[in-house]
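Quick look at coords35.cif (mmCIF, C-alpha atoms):
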```cif
data_run
#
loop_
_atom_site.label_atom_id
_atom_site.label_comp_id
_atom_site.auth_asym_id
_atom_site.auth_seq_id
_atom_site.Cartn_x
_atom_site.Cartn_y
_atom_site.Cartn_z
CA MET A 1 84.18 29.39 -54.24
CA ASN A 2 82.35 26.66 -56.18
CA GLU A 3 83.85 23.46 -57.59
CA GLN A 4 84.35 24.92 -61.05
CA GLU A 5 86.32 27.89 -59.71
CA GLU A 6 88.36 25.58 -57.45
CA GLU A 7 89.20 23.40 -60.43
CA ARG A 8 90.32 26.49 -62.37
CA TRP A 9 92.84 27.31 -59.63
CA LYS A 10 94.13 23.70 -59.62
CA VAL A 11 94.77 23.93 -63.35
CA ILE A 12 96.71 27.17 -62.92
CA VAL A 13 98.82 25.84 -60.04
CA THR A 14 99.51 22.60 -61.93
CA GLN A 15 100.72 24.56 -64.93
CA ILE A 16 103.06 26.58 -62.73
CA VAL A 17 104.54 23.45 -61.15
CA HIS A 18 105.00 21.45 -64.38
CA ASP A 19 105.68 24.20 -66.93
CA TYR A 20 107.72 26.76 -64.99
CA ARG A 21 109.46 28.58 -67.84
CA ALA A 22 109.77 32.32 -68.46
CA ARG A 23 107.42 32.19 -71.43
CA ALA A 24 104.84 30.17 -69.50
CA VAL A 25 104.92 32.47 -66.47
CA SER A 26 103.63 35.44 -68.46
CA SER A 27 100.72 33.46 -69.88
CA ILE A 28 99.93 32.06 -66.44
CA ILE A 29 99.72 35.53 -64.96
CA ASN A 30 97.46 36.68 -67.77
CA ALA A 31 95.22 33.67 -67.23
CA ILE A 32 94.99 34.45 -63.51
CA LEU A 33 94.19 38.11 -64.07
CA GLU A 34 91.48 37.24 -66.57
CA ASP A 35 90.04 34.71 -64.13
CA VAL A 36 89.50 37.31 -61.41
CA LEU A 37 85.98 38.31 -60.57
CA VAL A 38 84.84 41.11 -58.30
CA ARG A 39 81.89 41.07 -55.96
CA THR A 40 79.94 43.73 -54.09
CA HIS A 41 80.76 43.81 -50.40
CA GLY A 42 79.05 46.46 -48.30
CA GLN A 43 79.52 49.77 -50.09
CA GLY A 44 82.52 48.75 -52.10
CA ARG A 45 83.86 46.06 -54.43
CA THR A 46 86.55 43.59 -53.46
CA THR A 47 88.55 41.04 -55.40
CA ARG A 48 87.60 37.40 -55.14
CA ASN A 49 90.31 34.98 -54.01
CA SER A 50 92.48 37.83 -52.72
CA VAL A 51 94.24 35.56 -50.22
CA LYS A 52 95.16 33.08 -52.96
CA TRP A 53 96.46 35.88 -55.16
CA ASN A 54 98.65 37.26 -52.40
CA ALA A 55 99.98 33.77 -51.73
CA LEU A 56 100.71 33.23 -55.43
CA ALA A 57 102.54 36.58 -55.71
CA LEU A 58 104.68 35.76 -52.67
CA THR A 59 105.44 32.33 -54.14
CA PHE A 60 106.71 34.03 -57.29
CA LEU A 61 108.78 36.35 -55.11
CA ASP A 62 110.35 33.50 -53.11
CA THR A 63 111.25 31.62 -56.29
CA GLY A 64 113.05 34.54 -57.91
CA ARG A 65 110.21 35.88 -60.09
CA ARG A 66 110.13 39.28 -58.43
CA TYR A 67 108.87 41.11 -61.54
CA SER A 68 105.97 38.68 -61.89
CA SER A 69 105.22 39.16 -58.20
CA ILE A 70 105.26 42.96 -58.57
CA ARG A 71 102.97 42.74 -61.58
CA ILE A 72 100.35 40.66 -59.73
CA LEU A 73 100.45 42.78 -56.57
CA ARG A 74 100.35 46.05 -58.51
CA TRP A 75 97.20 44.83 -60.26
CA LEU A 76 95.73 43.57 -56.98
CA VAL A 77 96.47 46.65 -54.86
CA ALA A 78 94.83 48.88 -57.47
CA ARG A 79 91.59 46.99 -56.88
CA GLU A 80 91.71 46.74 -53.09
CA GLN A 81 93.58 49.77 -51.84
CA SER A 82 92.08 49.37 -48.38
CA SER A 83 93.73 45.98 -47.79
CA ALA A 84 96.66 46.37 -45.41
CA ALA A 85 97.91 42.86 -46.19
CA THR A 86 98.04 43.50 -49.93
CA GLN A 87 99.70 46.90 -49.46
CA ASN A 88 102.31 45.32 -47.17
CA ASN A 89 102.99 42.42 -49.55
CA TYR A 90 103.35 44.87 -52.44
CA GLY A 91 105.91 46.76 -50.34
CA VAL A 92 107.86 43.55 -49.72
CA ALA A 93 107.92 42.76 -53.45
CA LEU A 94 109.05 46.31 -54.31
CA LEU A 95 111.79 46.14 -51.69
CA ARG A 96 113.05 42.83 -53.07
CA GLY A 97 112.92 44.33 -56.55
CA GLY A 98 115.19 47.21 -55.53
CA PHE A 99 112.65 49.98 -54.97
CA PRO A 100 112.96 50.96 -51.28
CA GLN A 101 111.28 54.36 -51.63
CA GLU A 102 108.15 52.90 -53.22
CA ALA A 103 108.25 50.05 -50.69
CA LYS A 104 108.35 52.47 -47.77
CA HIS A 105 105.31 54.29 -49.17
CA ARG A 106 103.36 51.00 -49.29
CA PHE A 107 104.40 50.07 -45.75
CA GLU A 108 103.22 53.47 -44.54
CA ILE A 109 99.82 52.96 -46.20
CA ALA A 110 99.53 49.46 -44.72
CA HIS A 111 100.43 50.72 -41.23
CA GLN A 112 97.85 53.50 -41.45
CA LEU A 113 95.22 50.96 -42.46
CA ASP A 114 96.26 48.68 -39.59
CA MET A 115 95.95 51.51 -37.06
CA LYS A 116 92.52 52.40 -38.38
CA ARG A 117 91.38 48.79 -38.13
CA VAL A 118 92.90 47.57 -34.83
CA GLY A 119 94.27 50.66 -33.09
CA VAL A 120 97.75 52.11 -32.60
CA GLU A 121 99.16 49.56 -30.14
CA LYS A 122 97.98 46.42 -31.92
CA ALA A 123 99.15 47.83 -35.25
CA LYS A 124 102.71 47.92 -33.87
CA ARG A 125 102.65 44.12 -33.66
CA LEU A 126 101.77 43.67 -37.34
CA PRO A 127 104.22 43.15 -40.28
CA ALA A 128 103.81 46.59 -41.88
CA TYR A 129 105.07 48.34 -38.74
CA ASP A 130 108.11 46.04 -38.49
CA ASN A 131 108.96 46.52 -42.17
CA LEU A 132 108.60 50.29 -41.91
CA SER A 133 110.76 50.39 -38.77
CA LEU A 134 113.54 48.39 -40.43
CA LEU A 135 113.61 50.70 -43.44
CA THR A 136 113.58 53.83 -41.27
CA GLU A 137 116.35 52.54 -38.98
CA GLY A 138 118.48 51.66 -41.98
CA ALA A 139 118.14 55.18 -43.40
CA GLU A 140 118.90 56.83 -40.06
CA ASN A 141 122.08 54.79 -39.58
CA GLU A 142 123.58 55.99 -42.84
CA LYS A 143 125.94 58.89 -42.25
CA PRO A 144 125.61 61.83 -44.66
CA GLU A 145 128.39 62.23 -47.20
CA LYS A 146 129.82 58.82 -46.25
CA VAL A 147 129.69 55.62 -48.24
CA ARG A 148 129.16 52.47 -46.19
CA ARG A 149 132.19 50.22 -46.50
CA THR A 150 130.76 46.74 -46.78
CA GLY A 151 131.18 43.64 -48.86
CA THR A 152 127.45 43.37 -49.41
CA PRO A 153 126.34 44.22 -52.95
CA SER A 154 123.65 46.86 -53.43
CA GLN A 155 121.31 47.29 -56.37
CA HIS A 156 121.02 50.58 -58.24
CA ASN A 157 119.91 52.09 -61.51
CA ILE A 158 123.27 53.15 -62.91
CA VAL A 159 123.29 56.16 -65.22
CA PHE A 160 126.57 56.47 -67.12
CA MET A 161 127.06 59.61 -69.22
CA ASP A 162 129.87 61.32 -71.05
CA MET A 163 130.40 64.15 -73.52
CA VAL A 164 130.70 63.42 -77.21
CA GLU A 165 133.99 64.64 -78.73
CA PHE A 166 135.20 66.12 -75.45
CA SER A 167 138.83 65.85 -76.57
CA ARG A 168 138.51 68.06 -79.64
CA PRO A 169 141.57 70.38 -79.82
CA GLU A 170 139.55 73.62 -79.81
CA TRP A 171 138.17 72.66 -76.38
CA TYR A 172 141.48 72.06 -74.62
CA GLY A 173 141.92 73.91 -71.35
CA THR A 174 139.37 76.53 -70.35
CA VAL A 175 136.51 75.34 -72.58
CA GLN A 176 136.71 71.80 -71.20
CA PHE A 177 136.64 73.22 -67.68
CA GLU A 178 133.60 75.36 -68.47
CA LYS A 179 131.70 72.46 -70.09
CA MET A 180 132.34 70.08 -67.18
CA THR A 181 131.38 72.77 -64.68
CA PHE A 182 128.10 73.37 -66.52
CA LEU A 183 127.34 69.62 -66.61
CA THR A 184 128.12 69.08 -62.92
CA THR A 185 126.12 72.13 -61.83
CA THR A 186 123.14 71.14 -63.96
CA VAL A 187 123.10 67.54 -62.71
CA ARG A 188 123.30 68.71 -59.10
CA ARG A 189 120.37 71.09 -59.64
CA LEU A 190 118.24 68.45 -61.36
CA LEU A 191 118.86 65.88 -58.62
CA THR A 192 117.81 68.44 -56.02
CA GLU A 193 114.65 69.21 -58.03
CA LEU A 194 113.85 65.49 -57.94
CA GLY A 195 113.93 65.69 -54.15
CA LEU A 196 117.17 63.72 -53.83
CA ASP A 197 120.03 64.44 -51.43
CA VAL A 198 123.02 64.87 -53.74
CA ASN A 199 125.48 64.12 -50.93
CA LYS A 200 123.94 60.68 -50.37
CA ILE A 201 123.95 59.57 -54.02
CA PRO A 202 126.96 57.38 -54.93
CA MET A 203 128.82 58.85 -57.90
CA LEU A 204 131.92 57.99 -59.90
CA PRO A 205 133.73 60.71 -61.86
CA ALA A 206 134.71 59.62 -65.35
CA GLY A 207 136.82 62.44 -66.78
CA ASP A 208 134.37 63.88 -69.30
CA GLY A 209 131.30 62.48 -67.55
CA MET A 210 130.10 60.55 -64.54
CA ALA A 211 128.21 57.51 -63.29
CA LEU A 212 125.32 58.00 -60.87
CA PHE A 213 123.75 55.27 -58.73
CA LEU A 214 120.05 55.94 -58.19
CA THR A 215 117.58 53.92 -56.15
CA ASN A 216 114.40 54.74 -58.06
CA CYS A 217 114.36 53.50 -61.67
CA GLU A 218 112.05 56.30 -62.86
CA ASP A 219 114.36 58.93 -61.34
CA ALA A 220 117.13 57.70 -63.65
CA LEU A 221 115.08 58.27 -66.80
CA THR A 222 113.59 61.53 -65.51
CA LEU A 223 117.07 62.88 -64.78
CA VAL A 224 118.34 61.94 -68.25
CA SER A 225 115.27 63.42 -69.97
CA ARG A 226 115.46 66.73 -68.09
CA LEU A 227 119.20 66.97 -68.59
CA THR A 228 118.76 66.39 -72.33
CA LYS A 229 116.17 69.17 -72.55
CA ASP A 230 118.38 71.56 -70.58
CA LEU A 231 121.25 70.83 -72.97
CA GLN A 232 119.00 71.50 -75.96
CA GLU A 233 118.22 74.93 -74.54
CA TYR A 234 121.87 75.54 -73.64
CA ASN A 235 123.03 74.66 -77.17
CA THR A 236 120.74 77.26 -78.75
CA THR A 237 123.07 79.88 -77.25
CA MET A 238 126.28 78.18 -78.45
CA GLU A 239 128.11 78.72 -81.71
CA ARG A 240 128.78 75.83 -84.03
CA GLY A 241 131.54 73.63 -82.61
CA MET A 242 130.80 74.75 -79.06
CA LYS A 243 127.62 72.74 -78.53
CA LEU A 244 127.64 70.22 -75.70
CA GLU A 245 126.20 66.78 -76.50
CA LEU A 246 125.93 63.75 -74.24
CA ARG A 247 125.32 60.05 -74.63
CA PHE A 248 123.85 57.88 -71.90
CA GLY A 249 123.86 54.25 -70.80
CA ILE A 250 121.43 52.98 -68.14
CA HIS A 251 121.57 49.58 -66.45
CA ASN A 252 120.02 48.08 -63.33
CA GLY A 253 122.38 45.84 -61.39
CA TYR A 254 124.57 45.24 -58.37
CA SER A 255 127.83 46.87 -57.31
CA PHE A 256 130.05 46.95 -54.22
CA GLU A 257 131.15 49.86 -52.06
CA ILE A 258 134.90 50.08 -51.51
CA PRO A 259 137.25 52.85 -50.24
CA ASP A 260 139.75 54.34 -52.67
CA LEU A 261 143.38 55.28 -51.89
CA HIS A 262 142.26 58.42 -50.05
CA GLY A 263 139.61 56.60 -48.02
CA ALA A 264 136.77 58.13 -50.01
CA GLY A 265 133.87 56.16 -51.41
CA ASN A 266 134.31 54.18 -54.61
CA ARG A 267 132.31 51.41 -56.28
CA ILE A 268 133.24 48.32 -58.26
CA GLY A 269 131.31 45.58 -59.99
CA PRO A 270 130.24 44.16 -63.37
CA ALA A 271 127.05 46.27 -63.42
CA ILE A 272 129.20 49.42 -63.73
CA ASN A 273 131.09 47.90 -66.64
CA LYS A 274 127.83 46.96 -68.35
CA ALA A 275 126.41 50.49 -67.99
CA LYS A 276 129.58 51.96 -69.49
CA ARG A 277 129.78 49.47 -72.33
CA ILE A 278 126.24 50.12 -73.45
CA MET A 279 126.90 53.86 -73.27
CA ASP A 280 130.07 53.42 -75.37
CA LEU A 281 127.93 51.99 -78.17
CA GLY A 282 126.04 55.25 -78.57
CA SER A 283 126.62 58.60 -80.17
CA ALA A 284 125.18 62.08 -79.55
CA CYS A 285 121.79 62.12 -77.80
CA HIS A 286 121.53 58.35 -77.49
CA ILE A 287 119.82 57.05 -74.34
CA LEU A 288 120.74 53.37 -74.44
CA CYS A 289 119.38 50.92 -71.88
CA THR A 290 119.90 47.28 -71.01
CA ASN A 291 117.03 44.84 -70.92
CA ASP A 292 117.41 44.66 -67.12
CA TYR A 293 116.63 48.35 -66.77
CA ARG A 294 113.88 48.39 -69.43
CA ARG A 295 112.13 45.41 -67.84
CA ASN A 296 112.37 46.94 -64.37
CA LEU A 297 110.83 50.22 -65.50
CA THR A 298 108.05 48.73 -67.60
CA GLU A 299 107.11 46.11 -65.00
CA LEU A 300 106.76 48.80 -62.35
CA TYR A 301 105.12 51.53 -64.43
CA GLY A 302 103.19 49.44 -66.96
CA SER A 303 102.65 50.99 -70.39
CA LYS A 304 103.76 54.50 -69.39
CA TYR A 305 107.18 54.07 -71.04
CA LYS A 306 106.82 50.81 -72.95
CA SER A 307 106.30 52.34 -76.42
CA SER A 308 109.37 54.57 -76.07
CA PHE A 309 111.83 51.68 -75.87
CA HIS A 310 113.07 50.50 -79.27
CA ASP A 311 114.80 47.12 -79.49
CA CYS A 312 118.03 47.53 -81.44
CA GLY A 313 119.09 43.90 -81.08
CA LEU A 314 122.31 42.32 -79.83
CA TYR A 315 125.61 44.21 -79.94
CA PRO A 316 129.11 42.81 -79.43
CA VAL A 317 131.10 44.27 -76.53
CA LYS A 318 134.49 43.63 -74.92
CA HIS A 319 135.76 40.16 -74.05
CA GLY A 320 133.48 38.46 -76.56
CA GLY A 321 130.27 39.43 -74.82
CA VAL A 322 127.01 40.69 -76.28
CA ILE A 323 124.38 43.07 -74.91
CA ARG A 324 120.79 43.50 -76.02
CA VAL A 325 120.39 47.23 -76.56
CA TYR A 326 117.23 49.28 -76.18
CA SER A 327 117.22 52.89 -77.36
CA PHE A 328 114.86 55.22 -75.51
CA TYR A 329 113.17 57.82 -77.70
CA ASP A 330 109.85 59.51 -76.93
CA GLY A 331 109.78 62.17 -79.64
CA SER A 332 111.45 64.89 -77.58
CA VAL A 333 114.51 63.22 -76.03
CA GLY A 334 116.75 60.43 -77.21
CA ASN A 335 118.04 59.41 -80.61
CA PRO A 336 115.56 57.52 -82.84
CA ALA A 337 118.35 55.72 -84.70
CA CYS A 338 119.99 52.57 -83.39
CA PRO A 339 123.71 52.89 -82.55
CA PRO A 340 125.90 52.90 -85.69
CA ARG A 341 127.68 49.66 -84.91
CA THR A 342 127.52 46.32 -86.70
CA ARG A 343 125.02 44.17 -84.87
CA SER A 344 125.49 40.47 -84.25
CA GLU A 345 122.92 38.00 -85.47
CA LYS A 346 119.88 37.60 -83.24
#
```
Just give me the structure as structure tokens.
Amino acid sequence: MNEQEEERWKVIVTQIVHDYRARAVSSIINAILEDVLVRTHGQGRTTRNSVKWNALALTFLDTGRRYSSIRILRWLVAREQSSAATQNNYGVALLRGGFPQEAKHRFEIAHQLDMKRVGVEKAKRLPAYDNLSLLTEGAENEKPEKVRRTGTPSQHNIVFMDMVEFSRPEWYGTVQFEKMTFLTTTVRRLLTELGLDVNKIPMLPAGDGMALFLTNCEDALTLVSRLTKDLQEYNTTMERGMKLELRFGIHNGYSFEIPDLHGAGNRIGPAINKAKRIMDLGSACHILCTNDYRRNLTELYGSKYKSSFHDCGLYPVKHGGVIRVYSFYDGSVGNPACPPRTRSEK
């Protein structure tokens, strides 16, 4: 690296130290990405200053900027997929960001690369193997159909859903039972199709709906989208007044596991309240999301979903609070209109 390139890095680091604000961080990352050059090395192309980039991403991670860290490492790993160190660091960032399944996949790739480079035994002494072992041991220690009773909060993508106008008089009794049975059966089938173990997914019943706690943020949106399409097909067979319509609220946050009166698993925490409150703002077909969930999804999957989130602004909720609401609509699922509530001033 020549003096001019070294000076460029000093400018970037100085800006981070002296201007560490959310708005500045985004511009810093863009400046770094634009500053990257690639060089030919053997038969392939590698990224210049890879070690510095990894160090910068881990610095962001250690100072609470996990989304910025994920963004840098996602960009970096796409350009040097054969780097075990980068794959491992990306896994660490994903794990800190609440994506254990994606993290495990990166640790597996890193371990395979380590074994190819230094052999099986030496690879067992490297970080990727330790990280993979810890994740695997944690999964094996969880008992099926049991919720761990612990005071430690866990992070999930919380999908809250309920039926619109469930309490209409013409539905009382048998019809309500049939509608709830259809919803439960459909959700169970869709979760299985996503490759998830239904018995290991925390769930709270909510009378005319439910709250699901999913690890993977994309699984949450995929489930809601598929469920919406299944309901559209179901409603084509229903007479007027018998159609089943849902509204959804999705939030990414922390909750606690706690036993209920019967010793079964229950969950508490402000993240659950936030998911329900944003759902309560909606009407039929609305898929409403908090900024926490939207940011998580778009940081991890780039522009794949970005254009489908529509900023509806700030909405008042209980206890004098406000929530920034994003409505998801991609042309086939969701409600293109913002919730019909009076918005507060931005």
- Given all atoms listed in the file as the counted atoms, nearest of A:Tyr254, A:Phe328, A:Phe160, A:Tyr129 to Ser225 (chain A):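 The shortest atom-to-atom distance to Ser225 (chain A) comes from A:Phe328.
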- Message: Need to verify the contact set: Gly98 (chain A), 9 Å, only C-alpha atoms, exclusion of same-chain residues closer than 6 positions in sequence. Can you return it as a list in words?
- Response: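 Selected residues are Ser154, Gln155, His156, Thr215, Asn216 and Cys217 of chain A.
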- Hey, which of A:Leu190, A:Met161, A:Val333, A:Leu183 ends up closest to Arg277 (chain A)? Count all atoms listed in the file. A:Met161
- Could you please determine the separation between CA of Val224 (chain A) and CA of Asp197 (chain A) in Å, to one decimal place?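 These atoms are spaced 17.1 Å apart.
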Between region 189-244 of chain A and region 284-296 of chain A, at 12 Å or less, what are the per-residue closest atom pairs and their distances in Å? Count all atoms listed in the file, order by chain and rising residue number, and return it as JSON lines.
```
{"residue": "A:Leu214", "atom": "CA", "partner": "A:Tyr293", "partner_atom": "CA", "distance": 12.0}
{"residue": "A:Thr215", "atom": "CA", "partner": "A:Asn296", "partner_atom": "CA", "distance": 12.0}
{"residue": "A:Asn216", "atom": "CA", "partner": "A:Asn296", "partner_atom": "CA", "distance": 10.2}
{"residue": "A:Cys217", "atom": "CA", "partner": "A:Asn296", "partner_atom": "CA", "distance": 7.4}
{"residue": "A:Glu218", "atom": "CA", "partner": "A:Asn296", "partner_atom": "CA", "distance": 9.5}
{"residue": "A:Ala220", "atom": "CA", "partner": "A:Tyr293", "partner_atom": "CA", "distance": 9.9}
{"residue": "A:Leu221", "atom": "CA", "partner": "A:Ile287", "partner_atom": "CA", "distance": 9.0}
{"residue": "A:Thr222", "atom": "CA", "partner": "A:Ile287", "partner_atom": "CA", "distance": 11.7}
{"residue": "A:Leu223", "atom": "CA", "partner": "A:Ile287", "partner_atom": "CA", "distance": 11.5}
{"residue": "A:Val224", "atom": "CA", "partner": "A:Ile287", "partner_atom": "CA", "distance": 7.9}
{"residue": "A:Ser225", "atom": "CA", "partner": "A:Ile287", "partner_atom": "CA", "distance": 9.0}
{"residue": "A:Leu227", "atom": "CA", "partner": "A:Cys285", "partner_atom": "CA", "distance": 10.7}
{"residue": "A:Thr228", "atom": "CA", "partner": "A:Cys285", "partner_atom": "CA", "distance": 7.6}
{"residue": "A:Lys229", "atom": "CA", "partner": "A:Cys285", "partner_atom": "CA", "distance": 10.4}
{"residue": "A:Leu231", "atom": "CA", "partner": "A:Cys285", "partner_atom": "CA", "distance": 10.0}
{"residue": "A:Gln232", "atom": "CA", "partner": "A:Cys285", "partner_atom": "CA", "distance": 10.0}
{"residue": "A:Lys243", "atom": "CA", "partner": "A:Ala284", "partner_atom": "CA", "distance": 11.0}
{"residue": "A:Leu244", "atom": "CA", "partner": "A:Ala284", "partner_atom": "CA", "distance": 9.3}
```
- Task: Would you translate the PyMOL selection byres ((chain A and resi 99) around 12) into the concrete set of residues it matches in this file, as a ChimeraX atom specification?
- Result: /A:66-67,70,90-98,100-106,135,154-157,214-219,252,296-297,300
- Can you work out the spacing between CA of Pro316 (chain A) and CA of Asn273 (chain A) in Å, to one decimal?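 For CA of Pro316 (chain A) relative to CA of Asn273 (chain A), the distance reads 13.9 Å.
Interatomic distance, CA of Gly241 (chain A) against CA of Pro169 (chain A): 10.9 Å.
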- Message: Env of Ser167 (chain A): 12 Å cut, atoms = only C-alpha atoms, seq-sep filter 3 positions within chain, self excluded. Answer as a PyMOL selection string.
- Response: chain A and resi 162-164+170-173+175-177+179+207-208
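Closest approach to Arg226 (chain A) from the set A:Met180, A:Met203, A:Val322, A:Leu194 is made by A:Leu194, with distances taken over all atoms listed in the file.
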- Item | Residue contacts of Pro153 (chain A) (9 Å, only C-alpha atoms) excluding same-chain residues fewer than 4 positions away, as a ChimeraX atom specification | /A:254-257,269
- Of the candidates A:Phe60, A:Trp75, A:Phe107, A:Tyr326, which shows the shortest atom-to-atom distance to Phe248 (chain A), using all atoms listed in the file? A:Tyr326
- Item | Nearby residues, (127.6, 45.6, -75.9) file frame, 9 Å, only C-alpha atoms, as a PyMOL selection string | chain A and resi 274+277-281+314-318+321-325
- Point out the residue among A:Ser307, A:Leu56, A:Glu80, A:Cys312 with the least atom-to-atom distance to Gly331 (chain A), counting only C-alpha atoms. A:Ser307
- Taking all atoms listed in the file into account, which of A:Ser69, A:Ile268, A:Ser327, A:Gly209 comes nearest Thr181 (chain A)?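 Once distances to Thr181 (chain A) are computed over all atoms listed in the file, the minimum belongs to A:Gly209.
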- Task: Could you tell me which residues the PyMOL selection byres ((chain A and resi 339) around 7) grabs in this file, written as a PyMOL selection string?
- Result: chain A and resi 281-283+337-338+340-341
Once 6 Å is added on each side, what are the centre and the three edge lengths, in Å to one decimal, of the axis-aligned box enclosing the listed atoms of region 83-94 of chain A? Present them as AutoDock Vina command-line options.
```
--center_x 101.4 --center_y 44.7 --center_z -49.9 --size_x 27.3 --size_y 16.5 --size_z 20.9
```
